[in-house]
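**Q** This is upload.cif, which holds mmCIF, C-alpha atoms and all ligand atoms:
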```cif
data_my_file
#
loop_
_atom_site.label_atom_id
_atom_site.label_comp_id
_atom_site.auth_asym_id
_atom_site.auth_seq_id
_atom_site.Cartn_x
_atom_site.Cartn_y
_atom_site.Cartn_z
CA MET L 1 4.15 -9.74 17.58
CA THR L 2 1.49 -8.85 15.00
CA SER L 3 0.31 -11.24 12.32
CA PHE L 4 1.78 -9.57 9.25
CA PRO L 5 4.05 -11.23 6.69
CA ARG L 6 7.61 -10.28 7.64
CA ASN L 7 11.06 -10.76 6.16
CA ARG L 8 10.20 -8.64 3.15
CA TRP L 9 10.31 -5.10 1.78
CA TRP L 10 7.37 -2.86 2.63
CA VAL L 11 6.58 0.64 1.41
CA ALA L 12 7.54 3.17 4.10
CA GLY L 13 6.68 6.31 2.09
CA PHE L 14 8.07 8.39 -0.74
CA SER L 15 11.42 10.11 -1.19
CA TRP L 16 9.84 13.57 -1.16
CA GLU L 17 8.54 13.00 2.38
CA LEU L 18 12.02 13.07 3.89
CA SER L 19 12.93 16.72 4.28
CA SER L 20 14.65 18.75 6.96
CA THR L 21 12.75 17.16 9.84
CA PRO L 22 12.50 13.55 11.01
CA LEU L 23 9.29 11.65 10.22
CA ALA L 24 7.52 9.52 12.86
CA ARG L 25 5.67 6.57 11.33
CA CYS L 26 4.36 3.27 12.67
CA LEU L 27 4.74 0.36 10.23
CA LEU L 28 3.77 -3.24 11.04
CA GLY L 29 3.41 -2.26 14.67
CA GLN L 30 6.97 -0.83 14.81
CA HIS L 31 7.23 2.79 15.94
CA LEU L 32 9.90 4.27 13.72
CA VAL L 33 11.63 7.50 12.86
CA LEU L 34 12.53 7.91 9.20
CA PHE L 35 15.02 10.54 8.13
CA ARG L 36 17.52 11.74 5.58
CA THR L 37 20.77 13.10 6.94
CA ALA L 38 22.14 16.39 5.72
CA SER L 39 24.62 14.30 3.72
CA GLY L 40 21.74 12.55 1.92
CA GLU L 41 21.65 9.07 3.51
CA VAL L 42 18.22 7.68 4.43
CA ALA L 43 17.59 5.69 7.60
CA ALA L 44 14.90 4.12 9.76
CA LEU L 45 15.44 3.74 13.50
CA GLU L 46 13.26 2.69 16.38
CA ASP L 47 11.58 5.89 17.58
CA ARG L 48 12.93 5.68 21.11
CA CYS L 49 16.12 7.17 22.47
CA CYS L 50 18.05 4.56 24.47
CA HIS L 51 18.81 7.18 27.17
CA LYS L 52 15.52 8.42 28.66
CA GLU L 53 13.20 7.23 25.90
CA LEU L 54 12.20 10.48 24.21
CA PRO L 55 10.90 9.84 20.68
CA LEU L 56 13.87 10.38 18.39
CA SER L 57 11.43 11.90 15.88
CA MET L 58 11.51 15.01 18.13
CA GLY L 59 15.22 15.42 17.40
CA THR L 60 17.13 17.33 14.76
CA LEU L 61 19.03 16.24 11.68
CA GLU L 62 22.74 16.73 11.13
CA ALA L 63 25.19 15.59 8.49
CA ALA L 64 26.19 12.56 10.57
CA GLY L 65 22.73 11.54 11.75
CA LEU L 66 19.92 12.34 14.16
CA ARG L 67 20.42 14.19 17.44
CA CYS L 68 18.02 13.46 20.30
CA GLY L 69 15.98 16.48 21.36
CA TYR L 70 16.43 15.91 25.12
CA HIS L 71 20.12 15.49 26.07
CA GLY L 72 21.70 15.58 22.63
CA LEU L 73 22.89 12.03 21.98
CA LEU L 74 23.80 11.77 18.30
CA PHE L 75 22.88 8.58 16.39
CA ASP L 76 24.15 7.52 12.98
CA THR L 77 22.04 5.83 10.27
CA GLN L 78 22.85 2.41 11.77
CA GLY L 79 21.47 3.44 15.15
CA ARG L 80 24.88 3.67 16.81
CA CYS L 81 25.38 6.52 19.27
CA ILE L 82 28.42 8.42 18.03
CA GLU L 83 28.46 11.33 20.46
CA VAL L 84 27.39 11.95 24.05
CA PRO L 85 27.54 15.66 24.90
CA GLY L 86 29.48 16.30 28.11
CA GLN L 87 31.41 13.03 28.26
CA GLN L 88 34.18 11.39 26.26
CA ASP L 89 33.01 7.78 26.40
CA VAL L 90 30.07 6.47 24.48
CA PRO L 91 28.57 3.54 26.45
CA ALA L 92 28.76 0.28 24.49
CA ARG L 93 25.01 -0.24 24.83
CA ALA L 94 24.16 3.22 23.51
CA LYS L 95 22.43 2.16 20.32
CA VAL L 96 18.93 1.89 18.94
CA ARG L 97 17.50 -0.67 16.55
CA ALA L 98 17.94 0.21 12.88
CA PHE L 99 15.91 -1.18 9.97
CA PRO L 100 17.18 -1.41 6.38
CA LEU L 101 15.67 1.49 4.40
CA ARG L 102 16.23 1.95 0.66
CA GLU L 103 15.18 4.59 -1.80
CA ARG L 104 14.34 3.29 -5.28
CA ASP L 105 12.43 5.13 -8.02
CA GLN L 106 11.30 7.66 -5.38
CA ILE L 107 9.73 4.95 -3.22
CA LEU L 108 11.07 4.32 0.30
CA TRP L 109 11.22 0.61 1.07
CA ILE L 110 11.75 -0.73 4.56
CA TRP L 111 12.70 -4.30 5.37
CA ILE L 112 11.10 -5.65 8.50
CA GLY L 113 12.24 -9.05 9.67
CA ASP L 114 10.84 -11.47 12.19
CA THR L 115 13.91 -11.24 14.42
CA ARG L 116 16.28 -8.39 15.32
CA ASP L 117 19.10 -10.00 13.36
CA ALA L 118 17.21 -10.91 10.18
CA GLN L 119 18.58 -9.06 7.16
CA PRO L 120 17.38 -8.74 3.54
CA GLU L 121 18.90 -11.01 0.92
CA ASP L 122 17.68 -8.94 -2.02
CA GLU L 123 17.03 -5.35 -3.03
CA PRO L 124 13.54 -3.83 -3.11
CA PRO L 125 11.64 -3.96 -6.41
CA ALA L 126 12.17 -1.35 -9.11
CA TYR L 127 9.20 0.65 -10.34
CA ALA L 128 9.84 1.68 -13.93
CA PHE L 129 6.91 4.06 -14.44
CA HIS L 130 8.35 6.67 -12.09
CA ALA L 131 11.27 7.05 -14.50
CA ASP L 132 9.65 6.26 -17.87
CA PRO L 133 9.91 9.29 -20.22
CA ARG L 134 6.49 8.45 -21.75
CA TYR L 135 4.81 9.00 -18.39
CA ARG L 136 4.24 11.77 -15.85
CA PHE L 137 3.19 10.97 -12.32
CA GLY L 138 2.07 12.35 -9.00
CA GLY L 139 0.77 10.85 -5.80
CA GLY L 140 0.23 11.03 -2.08
CA SER L 141 -0.79 8.98 0.91
CA PHE L 142 -3.73 8.28 3.16
CA HIS L 143 -3.91 7.07 6.72
CA TYR L 144 -6.70 4.52 7.16
CA ASP L 145 -8.63 3.76 10.31
CA ALA L 146 -9.31 0.31 8.94
CA PRO L 147 -7.37 -2.96 8.57
CA TRP L 148 -5.00 -3.12 5.61
CA GLN L 149 -6.74 -6.03 3.88
CA LEU L 150 -9.94 -4.04 3.41
CA ILE L 151 -7.86 -1.86 1.05
CA HIS L 152 -6.79 -5.01 -0.83
CA ASP L 153 -10.41 -6.09 -1.14
CA ASN L 154 -11.20 -2.74 -2.72
CA LEU L 155 -8.30 -2.80 -5.18
CA MET L 156 -8.82 -6.42 -6.17
CA ASP L 157 -12.44 -5.87 -7.14
CA LEU L 158 -12.80 -2.85 -9.38
CA SER L 159 -16.48 -3.55 -10.05
CA HIS L 160 -17.09 -0.91 -7.34
CA LEU L 161 -16.06 1.84 -9.79
CA GLY L 162 -19.56 1.96 -11.25
CA TYR L 163 -21.07 2.72 -7.82
CA VAL L 164 -18.35 4.58 -5.88
CA HIS L 165 -16.49 6.58 -8.54
CA LEU L 166 -19.15 7.89 -10.90
CA LYS L 167 -17.61 11.39 -10.95
CA THR L 168 -14.18 10.28 -12.18
CA ILE L 169 -13.16 6.83 -13.41
CA GLY L 170 -16.52 5.09 -12.94
CA GLY L 171 -18.93 4.78 -15.80
CA ASN L 172 -21.96 2.64 -16.30
CA PRO L 173 -22.47 0.24 -13.31
CA ALA L 174 -23.93 -2.48 -15.56
CA VAL L 175 -20.84 -2.42 -17.78
CA HIS L 176 -18.60 -2.81 -14.72
CA MET L 177 -20.59 -5.61 -13.18
CA ASN L 178 -20.66 -7.52 -16.48
CA ALA L 179 -16.97 -7.07 -17.37
CA SER L 180 -15.13 -10.24 -18.32
CA LEU L 181 -13.06 -11.31 -15.34
CA SER L 182 -10.00 -13.54 -15.06
CA VAL L 183 -8.14 -14.32 -11.84
CA THR L 184 -4.76 -16.10 -11.87
CA GLY L 185 -1.77 -16.27 -9.55
CA ASP L 186 0.78 -18.20 -7.50
CA THR L 187 2.08 -18.04 -3.92
CA GLN L 188 3.35 -14.44 -4.23
CA HIS L 189 1.08 -12.88 -6.90
CA VAL L 190 -2.57 -12.59 -7.82
CA LYS L 191 -3.60 -11.07 -11.13
CA VAL L 192 -7.09 -9.85 -11.93
CA VAL L 193 -7.92 -8.76 -15.48
CA ARG L 194 -11.22 -7.09 -16.34
CA LEU L 195 -12.07 -6.09 -19.90
CA MET L 196 -14.89 -3.80 -20.95
CA PRO L 197 -14.94 -3.51 -24.75
CA ALA L 198 -17.09 -0.88 -26.46
CA SER L 199 -17.99 1.04 -23.30
CA ALA L 200 -18.58 4.75 -22.75
CA PRO L 201 -15.46 6.60 -21.49
CA PRO L 202 -15.86 7.94 -17.92
CA PRO L 203 -15.25 11.63 -17.03
CA THR L 204 -11.50 11.41 -16.22
CA TYR L 205 -10.84 9.62 -19.49
CA THR L 206 -12.67 12.17 -21.66
CA ALA L 207 -10.97 15.03 -19.82
CA ALA L 208 -7.52 13.52 -20.39
CA TRP L 209 -7.81 12.08 -23.89
CA PRO L 210 -9.71 13.16 -27.01
CA PHE L 211 -11.93 10.10 -27.31
CA THR L 212 -14.64 10.51 -29.92
CA GLY L 213 -16.88 7.53 -29.19
CA LEU L 214 -16.90 4.23 -27.34
CA ILE L 215 -13.67 2.79 -25.98
CA ASP L 216 -12.19 -0.64 -25.31
CA ARG L 217 -11.32 -0.49 -21.63
CA TRP L 218 -9.02 -2.65 -19.52
CA GLN L 219 -8.15 -3.05 -15.85
CA GLU L 220 -5.20 -5.21 -14.86
CA VAL L 221 -4.53 -5.56 -11.15
CA ASP L 222 -1.27 -7.21 -10.14
CA PHE L 223 -1.28 -7.98 -6.43
CA ARG L 224 1.81 -8.62 -4.33
CA VAL L 225 1.96 -8.79 -0.54
CA SER L 226 3.30 -5.28 -0.01
CA HIS L 227 1.97 -3.43 -3.03
CA VAL L 228 -0.52 -3.58 -5.85
CA LEU L 229 0.07 -2.45 -9.43
CA VAL L 230 -3.07 -1.33 -11.23
CA TRP L 231 -2.90 -0.71 -14.96
CA THR L 232 -6.09 0.77 -16.37
CA GLY L 233 -6.91 2.59 -19.55
CA GLY L 234 -8.89 2.74 -22.74
CA MET L 235 -8.47 3.14 -26.49
CA ASP L 236 -10.91 3.95 -29.29
CA THR L 237 -12.96 0.83 -29.92
CA GLY L 238 -11.30 -1.43 -32.46
CA SER L 239 -8.08 0.62 -32.63
CA GLY L 240 -5.92 -2.11 -31.10
CA SER L 241 -5.86 -5.41 -29.27
CA LEU L 242 -6.55 -5.67 -25.53
CA ASP L 243 -3.90 -8.43 -25.49
CA ASP L 244 -1.18 -6.12 -26.82
CA PRO L 245 1.11 -4.94 -23.98
CA ALA L 246 2.17 -1.96 -26.17
CA ARG L 247 -1.37 -0.89 -27.01
CA GLY L 248 -2.17 2.77 -27.52
CA GLY L 249 -4.74 5.07 -25.97
CA PHE L 250 -4.98 6.53 -22.49
CA HIS L 251 -3.11 4.76 -19.70
CA MET L 252 -3.16 5.10 -15.93
CA ARG L 253 -0.46 3.16 -14.09
CA GLY L 254 -1.24 3.00 -10.41
CA PHE L 255 1.24 2.12 -7.69
CA HIS L 256 -0.42 1.25 -4.39
CA GLY L 257 1.75 0.52 -1.36
CA VAL L 258 -0.52 -0.83 1.36
CA THR L 259 1.39 -1.13 4.63
CA PRO L 260 -0.27 -2.12 7.90
CA GLU L 261 0.25 0.34 10.74
CA THR L 262 -1.46 -1.80 13.38
CA GLU L 263 -3.95 -4.66 13.13
CA HIS L 264 -6.70 -2.07 12.69
CA SER L 265 -5.04 0.80 10.81
CA ALA L 266 -2.98 1.17 7.66
CA HIS L 267 -0.96 3.46 5.41
CA TYR L 268 -1.87 3.74 1.77
CA PHE L 269 0.89 5.20 -0.41
CA TRP L 270 -0.15 5.77 -4.01
CA THR L 271 0.98 7.28 -7.26
CA VAL L 272 -0.61 7.45 -10.67
CA ALA L 273 1.43 7.79 -13.86
CA THR L 274 -0.22 8.74 -17.12
CA ASN L 275 0.87 9.24 -20.72
CA PRO L 276 -0.19 12.75 -21.72
CA HIS L 277 -1.81 13.07 -25.16
CA PRO L 278 0.23 15.37 -27.46
CA ASP L 279 -2.74 17.79 -27.63
CA ARG L 280 -3.34 17.76 -23.87
CA LYS L 281 0.13 17.97 -22.38
CA ASP L 282 -0.98 19.64 -19.16
CA VAL L 283 -3.35 16.89 -18.19
CA THR L 284 -1.17 15.15 -15.60
CA GLN L 285 -2.26 17.28 -12.65
CA LEU L 286 -5.90 16.79 -13.58
CA VAL L 287 -5.43 13.00 -13.63
CA VAL L 288 -3.57 13.10 -10.29
CA ASP L 289 -6.23 15.35 -8.69
CA GLN L 290 -9.09 13.18 -9.94
CA THR L 291 -7.28 10.05 -8.74
CA ALA L 292 -6.88 11.62 -5.30
CA ALA L 293 -10.61 12.45 -5.29
CA THR L 294 -11.34 8.85 -6.29
CA PHE L 295 -9.24 7.47 -3.45
CA GLU L 296 -10.96 9.81 -0.98
CA GLU L 297 -14.20 8.13 -2.02
CA ASP L 298 -12.66 4.70 -1.34
CA LYS L 299 -11.48 5.84 2.10
CA VAL L 300 -14.98 7.01 3.05
CA VAL L 301 -16.44 3.65 2.02
CA ILE L 302 -13.75 1.45 3.56
CA GLU L 303 -13.64 3.26 6.93
CA ALA L 304 -17.46 3.16 7.12
CA GLN L 305 -17.35 -0.53 6.23
CA TRP L 306 -14.87 -1.15 9.07
CA ARG L 307 -16.94 0.83 11.58
CA ASN L 308 -19.95 -1.23 10.64
CA GLN L 309 -18.05 -4.49 10.91
CA GLN L 310 -17.26 -3.45 14.48
CA ARG L 311 -20.93 -2.63 15.16
CA PHE L 312 -21.89 -6.12 13.93
CA PRO L 313 -18.93 -8.20 15.13
CA GLY L 314 -18.42 -11.74 13.93
CA ARG L 315 -21.18 -11.71 11.33
CA ALA L 316 -20.80 -13.82 8.19
CA GLN L 317 -20.50 -12.24 4.74
CA ILE L 318 -21.84 -13.66 1.51
CA TYR L 319 -19.57 -14.50 -1.41
CA LEU L 320 -20.15 -13.27 -4.97
CA SER L 321 -18.34 -13.94 -8.24
CA ILE L 322 -16.76 -10.43 -8.08
CA ASP L 323 -15.00 -11.57 -4.87
CA ALA L 324 -12.73 -14.08 -6.63
CA GLY L 325 -9.72 -11.69 -6.72
CA PRO L 326 -10.00 -10.39 -3.14
CA ALA L 327 -10.56 -13.93 -1.82
CA ARG L 328 -7.44 -15.20 -3.56
CA ALA L 329 -5.33 -12.34 -2.17
CA ARG L 330 -6.64 -13.08 1.33
CA ARG L 331 -5.81 -16.78 0.98
CA MET L 332 -2.29 -15.84 -0.07
CA ILE L 333 -1.76 -13.61 2.97
CA SER L 334 -3.27 -16.25 5.28
CA ALA L 335 -0.85 -18.86 3.94
CA LEU L 336 2.10 -16.52 4.59
CA THR L 337 1.06 -15.70 8.14
CA ALA L 338 -0.09 -19.18 9.17
CA GLU L 339 1.72 -20.64 12.14
CA PRO L 340 3.97 -23.50 11.01
CA THR L 341 2.50 -26.88 11.92
CA PRO L 342 4.46 -28.20 14.92
CA THR L 343 6.46 -31.34 14.27
CA VAL L 344 5.43 -34.05 16.68
CA ALA L 345 8.03 -36.66 17.57
CA VAL L 346 6.73 -40.21 17.60
S1 LIG E 401 16.49 11.02 26.15
FE1 LIG E 401 17.66 11.14 24.37
S2 LIG E 401 19.51 12.01 25.00
FE2 LIG E 401 18.38 11.77 26.83
FE FE E 402 -11.93 2.67 -5.68
#
```
What does this structure look like when you write it as structure tokens?
**A**
Amino acid sequence: MTSFPRNRWWVAGFSWELSSTPLARCLLGQHLVLFRTASGEVAALEDRCCHKELPLSMGTLEAAGLRCGYHGLLFDTQGRCIEVPGQQDVPARAKVRAFPLRERDQILWIWIGDTRDAQPEDEPPAYAFHADPRYRFGGGSFHYDAPWQLIHDNLMDLSHLGYVHLKTIGGNPAVHMNASLSVTGDTQHVKVVRLMPASAPPPTYTAAWPFTGLIDRWQEVDFRVSHVLVWTGGMDTGSGSLDDPARGGFHMRGFHGVTPETEHSAHYFWTVATNPHPDRKDVTQLVVDQTAATFEEDKVVIEAQWRNQQRFPGRAQIYLSIDAGPARARRMISALTAEPTPTVAV
């Protein structure tokens, strides 16, 4: 068993990834096959046929389910074998483990419990910006050869923009390092807010929005165990309040599903939604492309960081004020994965 928080919904991918072929994906150490039947139902099964153990992801999709690519056993979305070619009887034990998989706002959510019988008591979260008529969005995914929490560290401390993302959403490093910072939270959330009033708009912002001078810039990072919501943007300086949730200007709403694959690798599923300016209606693809380029830069840094941590194992890091958000997120995950203290009878 791996040390990830279980009994919760995790991001398994996006709706558009399930097409006419099954998708093999390892999530929280579970080797899975994800698929959509020809009748439209989505499912996640253990990627192992219960007959001779071929990966079910090598099979083919039918209206009723997934047919194994070796001897043709047909499995439904609950993992039950419903047909054995060449014999009438389906053995009672002919079934594979199924995991609850839901599709909501084009995000695929999988529920992974700590026992085979554990089942969700709630539905996965909604994500309004994929359906909000004011916004357009696009996205993609990255596979990381690095532990999942290094991605959290990166998202929870956006001061790195001024050094890593100068070509897109960066800007002046000094402005980033001196942004006002607030970190709040509870047992399931951490929120980091960084404000940069009267700063120069970075390249992506000027390409997407007709800013004429300095802008009041915000970054609000809302961390949950399975995903991180990042709301960034800017408006002409003095044109509104940075406390106003309905403020104007240019907005980027980031969805970041960070799902461990193994202890040392992860999936990063992201989208960015933006509100096109009336004079620049075609800007969505530019924002999506520049966001993808930005996240490529993060991947280069984070994977190099992980390789170096392996070259210098067990070495201590120093702590800076910019680390308040990442540290709080790490404490939250540690509390959720801590072994319960054994009760000692006296
Ligand atoms: S291995 Fe799947 S049907 Fe034989
Ligand atoms: Fe980044």
**Q** Quick one: everything within 8 Å of region 241-253 of chain L, counting only C-alpha atoms, minus sequence neighbours fewer than 2 positions away in the same chain. Send it as a ChimeraX atom specification.
**A** /L:129,195,205,208-209,216,218,229-236,238-239,255,272-277
**Q** Taking only C-alpha atoms and all ligand atoms into account, which residues have an atom no farther than 12 Å from ligand FE 402 (chain E)? I'd like them as a VMD selection string.
**A** chain L and resid 150 to 170 230 254 256 290 to 302
**Q** Go through L:Thr271, L:Ser57, L:Gln317, L:Thr184 one by one, measure the shortest atom-to-atom distance of each to ligand LIG 401 (chain E) using only C-alpha atoms and all ligand atoms, and give the residue with the smallest value.
**A** L:Ser57
**Q** Rounded to one decimal, what separation in Å do you get between CA of His264 (chain L) and CA of Leu34 (chain L)?
**A**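 Those two atoms sit 21.9 Å apart.
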**Q** Between CA of Gln149 (chain L) and CA of Val192 (chain L), what is the spacing in Å?
**A**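 These atoms are spaced 16.3 Å apart.
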**Q** Within 9 Å of Glu83 (chain L), counting all atoms listed in the file, which residues show up once you throw out same-chain ones fewer than 5 positions away? Write them as number ranges by chain, please.
**A** L: 72-75, 88-90
**Q** What does the list of residues within 12 Å of ligand LIG 401 (chain E) look like if you count only C-alpha atoms and all ligand atoms, written as a count of residues only?
**A** 34
**Q** Could you check which of L:Arg97, L:Arg116, L:Arg104, L:Lys281 is closest to Tyr135 (chain L), using only C-alpha atoms?
**A**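 Ranking L:Arg97, L:Arg116, L:Arg104, L:Lys281 by distance to Tyr135 (chain L), first place goes to L:Lys281.
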**Q** One decimal, Å: what's the distance from CA of Val175 (chain L) over to CA of Ile322 (chain L), could you say?
**A**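 One can read the CA of Val175 (chain L) to CA of Ile322 (chain L) distance as 13.2 Å.
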**Q** Select, from L:Glu220, L:Glu261, L:Asp122, L:Glu46, the residue with the minimum atom-to-atom distance to Phe142 (chain L), counting only C-alpha atoms.
**A**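 Closest to Phe142 (chain L) of all the choices is L:Glu261.
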**Q** Which one is closest to Arg25 (chain L): L:Gly13, L:Pro125, L:Gly113, L:Pro100? Count all atoms listed in the file.
**A** L:Gly13
**Q** Taking all atoms listed in the file into account, which of L:Ala126, L:Val288, L:Val183, L:Leu45 comes nearest His31 (chain L)?
**A**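 So, comparing all the options, the nearest one is L:Leu45.
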**Q** Could you check the closest approach to Gly138 (chain L) for each of L:Ala207, L:Val283, L:Leu320, L:Met332 and tell me which residue wins, using all atoms listed in the file?
**A**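 Once distances to Gly138 (chain L) are computed over all atoms listed in the file, the minimum belongs to L:Val283.
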**Q** Please identify every residue of region 102-207 of chain L that has at least one atom no farther than 12 Å from an atom of region 8-12 of chain L, counting only C-alpha atoms, and for each give the shortest atom pair and the distance in Å to one decimal, arranged by chain then increasing number, as a tab-separated table.
**A**
```
residue	atom	partner	partner_atom	distance
L:Arg102	CA	L:Trp9	CA	9.3
L:Glu103	CA	L:Ala12	CA	9.8
L:Arg104	CA	L:Val11	CA	10.6
L:Asp105	CA	L:Val11	CA	12.0
L:Gln106	CA	L:Val11	CA	10.8
L:Ile107	CA	L:Val11	CA	7.1
L:Leu108	CA	L:Ala12	CA	5.3
L:Trp109	CA	L:Val11	CA	4.7
L:Ile110	CA	L:Trp10	CA	5.2
L:Trp111	CA	L:Trp9	CA	4.4
L:Ile112	CA	L:Arg8	CA	6.2
L:Gly113	CA	L:Arg8	CA	6.8
L:Asp114	CA	L:Arg8	CA	9.5
L:Ala118	CA	L:Arg8	CA	10.2
L:Gln119	CA	L:Arg8	CA	9.3
L:Pro120	CA	L:Arg8	CA	7.2
L:Glu121	CA	L:Arg8	CA	9.3
L:Asp122	CA	L:Arg8	CA	9.1
L:Glu123	CA	L:Trp9	CA	8.3
L:Pro124	CA	L:Trp9	CA	6.0
L:Pro125	CA	L:Trp9	CA	8.4
L:Ala126	CA	L:Trp9	CA	11.7
L:Ser141	CA	L:Ala12	CA	10.6
L:Gln188	CA	L:Arg8	CA	11.6
```
**Q** Excluding Ala63 (chain L) and residues on its chain fewer than 5 positions from it, collect all residues at most 10 Å away from it, counting only C-alpha atoms, and give them as a compact mmCIF listing (two decimals) with C-alpha atoms, in the coordinates of the input.
**A**
```txt
# COMPACT_ATOMS: atom_id res chain seq x y z
CA ARG L 36 17.52 11.74 5.58
CA THR L 37 20.77 13.10 6.94
CA ALA L 38 22.14 16.39 5.72
CA SER L 39 24.62 14.30 3.72
CA GLY L 40 21.74 12.55 1.92
CA GLU L 41 21.65 9.07 3.51
CA ASP L 76 24.15 7.52 12.98
```
